[in-house]
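Structure file entry.cif; described as mmCIF, C-alpha atoms.
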data_run
#
loop_
_atom_site.label_atom_id
_atom_site.label_comp_id
_atom_site.auth_asym_id
_atom_site.auth_seq_id
_atom_site.Cartn_x
_atom_site.Cartn_y
_atom_site.Cartn_z
CA MET A 1 116.37 88.89 292.15
CA THR A 2 114.31 91.22 290.01
CA ASP A 3 115.46 91.95 286.47
CA ILE A 4 114.45 94.84 284.26
CA VAL A 5 112.87 92.99 281.35
CA GLU A 6 112.38 94.19 277.84
CA GLY A 7 109.72 93.30 275.33
CA GLN A 8 112.10 92.73 272.43
CA GLY A 9 115.00 90.31 272.14
CA PRO A 10 116.29 87.23 270.35
CA GLU A 11 113.77 84.53 269.54
CA GLN A 12 116.17 81.83 270.72
CA PRO A 13 118.52 82.13 273.72
CA VAL A 14 122.18 82.36 272.81
CA LEU A 15 123.49 81.03 276.11
CA THR A 16 123.09 77.36 277.04
CA PRO A 17 124.68 75.19 279.73
CA ASN A 18 126.91 73.83 276.98
CA ASN A 19 128.42 77.17 276.05
CA PHE A 20 128.16 79.21 279.26
CA ASP A 21 129.66 78.22 282.61
CA THR A 22 127.74 79.87 285.45
CA SER A 23 130.49 79.26 288.03
CA ASN A 24 131.79 82.83 287.82
CA VAL A 25 128.26 84.15 288.29
CA TRP A 26 127.80 82.25 291.55
CA GLU A 27 131.27 83.28 292.75
CA THR A 28 130.20 86.87 292.26
CA VAL A 29 126.73 86.72 293.82
CA ALA A 30 127.37 84.35 296.74
CA THR A 31 128.11 86.93 299.44
CA LYS A 32 125.24 89.24 298.40
CA TYR A 33 122.72 86.61 297.34
CA ASP A 34 120.55 86.63 300.47
CA GLU A 35 120.44 90.41 300.63
CA GLU A 36 119.58 90.72 296.95
CA ILE A 37 116.63 88.31 296.88
CA LYS A 38 115.14 88.55 300.36
CA TRP A 39 112.72 91.37 299.48
CA ASP A 40 111.48 89.65 296.33
CA GLU A 41 110.89 86.43 298.23
CA PHE A 42 109.07 88.28 301.02
CA VAL A 43 106.74 90.12 298.65
CA MET A 44 106.00 86.97 296.65
CA GLY A 45 105.41 84.81 299.72
CA VAL A 46 108.18 82.39 298.79
CA GLY A 47 109.00 81.91 302.46
CA LEU A 48 105.55 80.40 303.02
CA LEU A 49 106.00 78.02 300.08
CA ARG A 50 109.38 76.99 301.47
CA ARG A 51 107.83 76.40 304.89
CA TRP A 52 104.96 74.26 303.52
CA LEU A 53 107.36 72.19 301.44
CA ILE A 54 110.39 71.80 303.70
CA GLY A 55 108.21 70.89 306.67
CA LYS A 56 107.48 67.60 304.89
CA ALA A 57 111.13 66.49 304.98
CA LYS A 58 111.80 63.46 307.17
CA GLY A 59 114.22 60.60 307.77
CA ASP A 60 117.55 60.72 305.94
CA VAL A 61 117.39 63.94 303.92
CA LEU A 62 119.41 65.23 300.98
CA GLU A 63 119.09 68.85 299.93
CA VAL A 64 120.70 69.52 296.55
CA SER A 65 121.58 72.96 295.19
CA ALA A 66 121.42 74.09 298.81
CA GLY A 67 122.88 77.48 297.91
CA THR A 68 123.31 79.76 300.90
CA GLY A 69 121.02 77.69 303.11
CA ARG A 70 117.78 79.59 302.71
CA ASN A 71 115.79 76.54 303.84
CA PHE A 72 117.49 76.06 307.21
CA ASP A 73 114.69 77.85 309.07
CA TYR A 74 111.99 75.57 307.73
CA TYR A 75 113.20 72.07 308.58
CA LYS A 76 111.65 70.25 311.52
CA PRO A 77 114.69 68.64 313.19
CA ASN A 78 112.58 66.20 315.20
CA GLN A 79 111.52 64.60 311.88
CA ILE A 80 115.08 64.29 310.55
CA ASP A 81 117.61 61.56 311.34
CA GLU A 82 120.41 62.90 309.15
CA ILE A 83 120.67 65.69 306.59
CA THR A 84 123.20 66.35 303.83
CA PHE A 85 123.48 69.67 301.99
CA THR A 86 125.15 69.74 298.58
CA ASP A 87 125.94 72.43 296.04
CA ARG A 88 128.36 72.45 293.13
CA HIS A 89 129.55 75.98 293.86
CA GLU A 90 132.01 76.22 296.73
CA SER A 91 131.22 79.91 297.22
CA MET A 92 127.54 79.24 297.87
CA LEU A 93 128.28 76.21 300.04
CA GLY A 94 130.69 78.34 302.07
CA GLU A 95 127.94 80.84 302.81
CA ALA A 96 125.65 77.98 303.88
CA LYS A 97 128.27 76.48 306.19
CA SER A 98 128.82 79.82 307.87
CA LYS A 99 125.09 80.37 308.33
CA PHE A 100 124.57 76.84 309.65
CA GLN A 101 126.62 77.50 312.80
CA LYS A 102 123.55 78.82 314.58
CA TYR A 103 121.48 75.77 313.53
CA GLN A 104 123.88 72.89 314.14
CA GLY A 105 122.62 72.21 317.66
CA ARG A 106 119.13 71.53 316.30
CA PHE A 107 120.12 68.64 314.00
CA HIS A 108 121.33 65.19 315.02
CA HIS A 109 123.71 64.80 312.09
CA ALA A 110 124.38 67.31 309.32
CA PHE A 111 126.91 67.20 306.49
CA PHE A 112 128.02 69.46 303.64
CA GLN A 113 129.35 68.19 300.32
CA LYS A 114 130.36 69.79 297.05
CA ALA A 115 128.37 68.00 294.32
CA SER A 116 126.17 68.77 291.34
CA VAL A 117 122.56 67.63 291.08
CA GLU A 118 123.39 65.45 288.06
CA GLU A 119 126.10 63.50 289.90
CA LYS A 120 125.54 59.83 290.67
CA GLN A 121 125.51 59.18 294.41
CA GLN A 122 125.73 55.87 296.22
CA LYS A 123 123.80 56.84 299.34
CA LYS A 124 120.01 56.55 299.38
CA TYR A 125 117.58 58.93 301.09
CA ASP A 126 114.04 59.13 302.44
CA THR A 127 113.61 62.73 301.28
CA ILE A 128 115.32 64.73 298.53
CA VAL A 129 114.85 68.50 298.48
CA ASP A 130 115.58 70.95 295.68
CA THR A 131 114.43 74.57 295.76
CA PHE A 132 115.16 76.69 292.69
CA GLY A 133 117.92 74.39 291.48
CA LEU A 134 116.56 72.84 288.28
CA CYS A 135 116.71 76.23 286.57
CA SER A 136 120.47 76.49 286.97
CA CYS A 137 121.77 72.96 286.43
CA GLY A 138 123.15 71.71 283.13
CA ASP A 139 120.63 68.90 282.58
CA PRO A 140 117.42 69.10 284.65
CA VAL A 141 116.11 65.82 283.24
CA GLU A 142 119.23 63.97 284.37
CA ALA A 143 118.90 65.68 287.75
CA LEU A 144 115.40 64.22 288.18
CA VAL A 145 116.67 60.79 287.12
CA GLN A 146 119.36 60.99 289.79
CA PHE A 147 116.80 62.06 292.40
CA ALA A 148 114.81 58.92 291.60
CA ASP A 149 117.91 56.73 291.81
CA GLN A 150 118.88 58.22 295.18
CA CYS A 151 115.56 57.39 296.84
CA LYS A 152 115.55 54.51 299.33
CA SER A 153 112.20 53.13 298.19
CA ASP A 154 108.91 53.98 296.52
CA GLN A 155 107.91 55.48 299.87
CA SER A 156 110.60 58.15 299.58
CA GLN A 157 109.64 61.67 298.57
CA ILE A 158 111.10 64.37 296.34
CA LEU A 159 110.23 67.92 297.34
CA LEU A 160 110.64 70.57 294.65
CA LEU A 161 110.07 74.31 294.52
CA GLU A 162 111.12 75.57 291.09
CA HIS A 163 110.58 78.46 288.73
CA GLY A 164 110.19 78.41 284.98
CA LYS A 165 107.61 78.95 282.25
CA SER A 166 104.33 80.70 282.95
CA HIS A 167 100.74 79.82 282.04
CA TYR A 168 100.72 82.91 279.82
CA ASP A 169 102.31 83.37 276.41
CA TRP A 170 102.95 87.09 276.90
CA LEU A 171 104.99 86.40 280.03
CA ASN A 172 106.82 83.49 278.42
CA ARG A 173 107.90 85.82 275.63
CA LEU A 174 109.40 88.18 278.18
CA LEU A 175 111.19 85.31 279.89
CA ASP A 176 112.52 84.01 276.56
CA ASN A 177 113.63 87.40 275.32
CA ASN A 178 115.52 88.20 278.51
CA VAL A 179 116.87 84.80 279.47
CA ASP A 180 120.48 85.54 278.45
CA LYS A 181 120.56 88.65 280.58
CA HIS A 182 119.14 86.72 283.52
CA VAL A 183 121.64 83.88 283.13
CA LYS A 184 124.55 86.31 283.16
CA GLN A 185 123.21 88.00 286.30
CA TRP A 186 121.87 85.02 288.27
CA GLY A 187 123.13 81.83 286.59
CA CYS A 188 119.53 80.75 286.01
CA TRP A 189 117.56 79.71 282.92
CA TRP A 190 114.22 81.06 284.12
CA ASN A 191 112.25 79.93 281.07
CA ARG A 192 112.52 76.15 281.46
CA ASP A 193 109.26 74.21 281.33
CA ILE A 194 109.46 72.53 284.73
CA MET A 195 106.25 70.51 284.55
CA LYS A 196 107.14 69.20 281.09
CA LEU A 197 110.34 67.69 282.49
CA PHE A 198 108.17 65.00 284.06
CA GLU A 199 106.92 63.99 280.59
CA ASP A 200 110.42 63.09 279.42
CA GLU A 201 110.82 59.34 278.83
CA ARG A 202 113.75 59.16 281.26
CA VAL A 203 111.67 60.73 284.02
CA LYS A 204 108.11 59.48 283.58
CA ASP A 205 109.21 55.85 283.93
CA ARG A 206 110.81 56.63 287.28
CA LEU A 207 108.82 59.39 288.98
CA GLU A 208 105.21 60.29 289.57
CA ILE A 209 103.82 63.57 290.87
CA VAL A 210 101.84 63.21 294.08
CA GLN A 211 100.94 66.86 294.54
CA SER A 212 101.57 70.03 292.55
CA SER A 213 100.46 73.63 292.41
CA ARG A 214 101.62 76.68 290.50
CA TRP A 215 102.01 80.22 291.73
CA HIS A 216 103.03 83.66 290.44
CA LEU A 217 101.24 83.37 287.09
CA GLY A 218 102.42 79.79 286.83
CA THR A 219 106.14 80.56 287.03
CA THR A 220 106.65 78.93 290.44
CA CYS A 221 106.04 75.19 290.69
CA TYR A 222 105.44 73.46 294.02
CA ILE A 223 105.86 69.71 293.50
CA VAL A 224 105.83 66.62 295.68
CA ALA A 225 106.92 63.55 293.74
CA LYS A 226 107.92 59.98 294.51
CA PRO A 227 109.59 57.06 292.72
CA LYS A 228 107.30 54.74 290.81
CA LYS A 229 106.99 51.21 292.13
CA SER A 230 109.32 48.78 290.45
CA ASP A 231 107.73 46.08 288.28
CA GLN A 232 110.25 43.58 289.58
#

Conversion result in structure tokens:
Amino acid sequence: MTDIVEGQGPEQPVLTPNNFDTSNVWETVATKYDEEIKWDEFVMGVGLLRRWLIGKAKGDVLEVSAGTGRNFDYYKPNQIDEITFTDRHESMLGEAKSKFQKYQGRFHHAFFQKASVEEKQQKKYDTIVDTFGLCSCGDPVEALVQFADQCKSDQSQILLLEHGKSHYDWLNRLLDNNVDKHVKQWGCWWNRDIMKLFEDERVKDRLEIVQSSRWHLGTTCYIVAKPKKSDQ
């Protein structure tokens, strides 16, 4: 998933979720996605971060933006009653379904559903998982609001592994200057400020961060969050 980045570029990105539909991007990359990013993830230790995070999933689990199913290896089936995998791109979900054939005997109940992270869902869950999905959805704030609404209780957990802005201005400039190129190649706005999403009024009234850490010069965010207790 490595891009060749350049030091010069537009100060403001031209492409936004409002004027650029990433569906064609995901249709194109779906079959080669795993092969393209596996080396980058290995070198950066992303597999370990996935393992530490996904191992926390328990009860009724929802994984949004499931992509090609890169988290299948890391779930602990004995902790899971039921799991649902969603993605808004049929091509990516198709790859995940195909891959899941060798895992289906490990899970009690598993389901696949085409849905976006911003969609309202009626079912409630003990654990909601999203790995590298907030960078590619249309409205990441609304996605977090929906995660909160889909939790069973204030004891539920939201497990996030996301990438976005760095700690360092020089790196943020590179991300900003090359974001359009990256969106066209990977359908991902890699310069979003993930931690700042939790400061949005719609989010901070609903969610609190229990644990967080940042990796890879701050561009990778490992977050465990939960719904805030209701005042009622």

Can you pull out the residues contacting Leu134 in chain A? Cut-off 10 Å, using all atoms listed in the file, and skip same-chain residues under 5 positions away; I want them as a compact mmCIF listing (two decimals) with C-alpha atoms, in the coordinates of the input.
# COMPACT_ATOMS: atom_id res chain seq x y z
CA VAL A 64 120.70 69.52 296.55
CA SER A 65 121.58 72.96 295.19
CA VAL A 117 122.56 67.63 291.08
CA ASP A 139 120.63 68.90 282.58
CA PRO A 140 117.42 69.10 284.65
CA VAL A 141 116.11 65.82 283.24
CA ALA A 143 118.90 65.68 287.75
CA LEU A 144 115.40 64.22 288.18
CA LEU A 160 110.64 70.57 294.65
CA LEU A 161 110.07 74.31 294.52
CA GLU A 162 111.12 75.57 291.09
CA HIS A 163 110.58 78.46 288.73
CA GLY A 164 110.19 78.41 284.98
CA CYS A 188 119.53 80.75 286.01
CA TRP A 189 117.56 79.71 282.92
CA TRP A 190 114.22 81.06 284.12
CA ARG A 192 112.52 76.15 281.46
CA ILE A 194 109.46 72.53 284.73
CA LEU A 197 110.34 67.69 282.49

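For the structure in this document, the set picked by the PyMOL selection byres ((chain A and resi 79) around 10) is Gly55, Lys56, Ala57, Lys58, Gly59, Asp60, Val61, Tyr75, Lys76, Pro77, Asn78, Ile80, Asp81, Glu82 and Phe107 of chain A.
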
Neighbours of range 87-104 of chain A within 8 Å (only C-alpha atoms; same-chain residues fewer than 3 positions away dropped), as a ChimeraX atom specification? /A:23,26-27,30-31,64-69,72,107,110,112-117

Reference answer for the PyMOL selection byres ((chain A and resi 45-50) around 9), as a PDB file with C-alpha atoms, in the coordinates of the input:
ATOM      1  CA  ASP A  40     111.480  89.650 296.330  1.00  0.00           C
ATOM      2  CA  GLU A  41     110.890  86.430 298.230  1.00  0.00           C
ATOM      3  CA  PHE A  42     109.070  88.280 301.020  1.00  0.00           C
ATOM      4  CA  VAL A  43     106.740  90.120 298.650  1.00  0.00           C
ATOM      5  CA  MET A  44     106.000  86.970 296.650  1.00  0.00           C
ATOM      6  CA  ARG A  51     107.830  76.400 304.890  1.00  0.00           C
ATOM      7  CA  TRP A  52     104.960  74.260 303.520  1.00  0.00           C
ATOM      8  CA  LEU A  53     107.360  72.190 301.440  1.00  0.00           C
ATOM      9  CA  ILE A  54     110.390  71.800 303.700  1.00  0.00           C
ATOM     10  CA  GLY A  55     108.210  70.890 306.670  1.00  0.00           C
ATOM     11  CA  ARG A  70     117.780  79.590 302.710  1.00  0.00           C
ATOM     12  CA  ASN A  71     115.790  76.540 303.840  1.00  0.00           C
ATOM     13  CA  TYR A  74     111.990  75.570 307.730  1.00  0.00           C
ATOM     14  CA  THR A 131     114.430  74.570 295.760  1.00  0.00           C
ATOM     15  CA  LEU A 161     110.070  74.310 294.520  1.00  0.00           C
ATOM     16  CA  TYR A 222     105.440  73.460 294.020  1.00  0.00           C
TER      17      TYR A 222
END

Suppose a student applies the PyMOL selection byres ((chain A and resi 166) around 10) to this structure; what residues should they get, written as an NGL selection string? :A and (163-165 or 167-173 or 175 or 190-194 or 214-221)

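Nearest residue to Gln146 in chain A, choosing from A:Asp130, A:Asp200, A:Asp34, A:Glu118 and counting only C-alpha atoms: A:Glu118.
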
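Here CA of Leu159 in chain A is placed at a distance of 8.7 Å from CA of Lys226 in chain A.
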
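Reported to one decimal place, the separation of CA of Thr28 in chain A from CA of Trp186 in chain A is 9.4 Å.
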
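Take CA of Glu142 in chain A and CA of Asp21 in chain A: the distance between them is 17.7 Å.
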
From the options A:Gln150, A:Thr16, A:Ser230, A:Gln155, which residue's atoms come nearest to Asp205 in chain A, counting only C-alpha atoms? A:Ser230

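Every protein, DNA or RNA residue with an atom at most 10 Å from Phe147 in chain A, where only C-alpha atoms count and chain neighbours fewer than 6 positions away do not, is listed here: A:Leu62, A:Val64, A:Val117, A:Glu118, A:Glu119, A:Lys120, A:Gln121, A:Lys124, A:Tyr125, A:Thr127, A:Ile128, A:Val129, A:Asp130, A:Val141, A:Gln157, A:Ile158, A:Val203, A:Arg206, A:Leu207, A:Lys226, A:Pro227.
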
Mind writing the picked residues with C-alpha atoms as a compact mmCIF listing (two decimals), keeping the file's coordinate frame?
# COMPACT_ATOMS: atom_id res chain seq x y z
CA LEU A 62 119.41 65.23 300.98
CA VAL A 64 120.70 69.52 296.55
CA VAL A 117 122.56 67.63 291.08
CA GLU A 118 123.39 65.45 288.06
CA GLU A 119 126.10 63.50 289.90
CA LYS A 120 125.54 59.83 290.67
CA GLN A 121 125.51 59.18 294.41
CA LYS A 124 120.01 56.55 299.38
CA TYR A 125 117.58 58.93 301.09
CA THR A 127 113.61 62.73 301.28
CA ILE A 128 115.32 64.73 298.53
CA VAL A 129 114.85 68.50 298.48
CA ASP A 130 115.58 70.95 295.68
CA VAL A 141 116.11 65.82 283.24
CA GLN A 157 109.64 61.67 298.57
CA ILE A 158 111.10 64.37 296.34
CA VAL A 203 111.67 60.73 284.02
CA ARG A 206 110.81 56.63 287.28
CA LEU A 207 108.82 59.39 288.98
CA LYS A 226 107.92 59.98 294.51
CA PRO A 227 109.59 57.06 292.72

Smallest atom-to-atom distance to Phe20 in chain A: which of A:His108, A:Lys38, A:Lys184, A:Lys152, using all atoms listed in the file? A:Lys184

Return as JSON the box centre and box size in Å, one decimal, for an axis-aligned box around all listed atoms of range 215-219 of chain A padded by 6 Å per side.
{"center_x": 103.7, "center_y": 81.7, "center_z": 289.3, "size_x": 16.9, "size_y": 15.9, "size_z": 16.9}

So which one's closest to Asn24 in chain A, A:Glu63, A:Gly187, A:Gly105, A:Lys181? Using all atoms listed in the file, please. A:Gly187

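Candidate residues A:Asn18, A:Ser136, A:Ser156, A:Gln211 were compared for distance to Gln185 in chain A, and the nearest is A:Ser136, using only C-alpha atoms.
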
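Residue nearest Phe198 in chain A, chosen from A:Glu35, A:His182, A:Asn177, A:Val145 and counting all atoms listed in the file: A:Val145.
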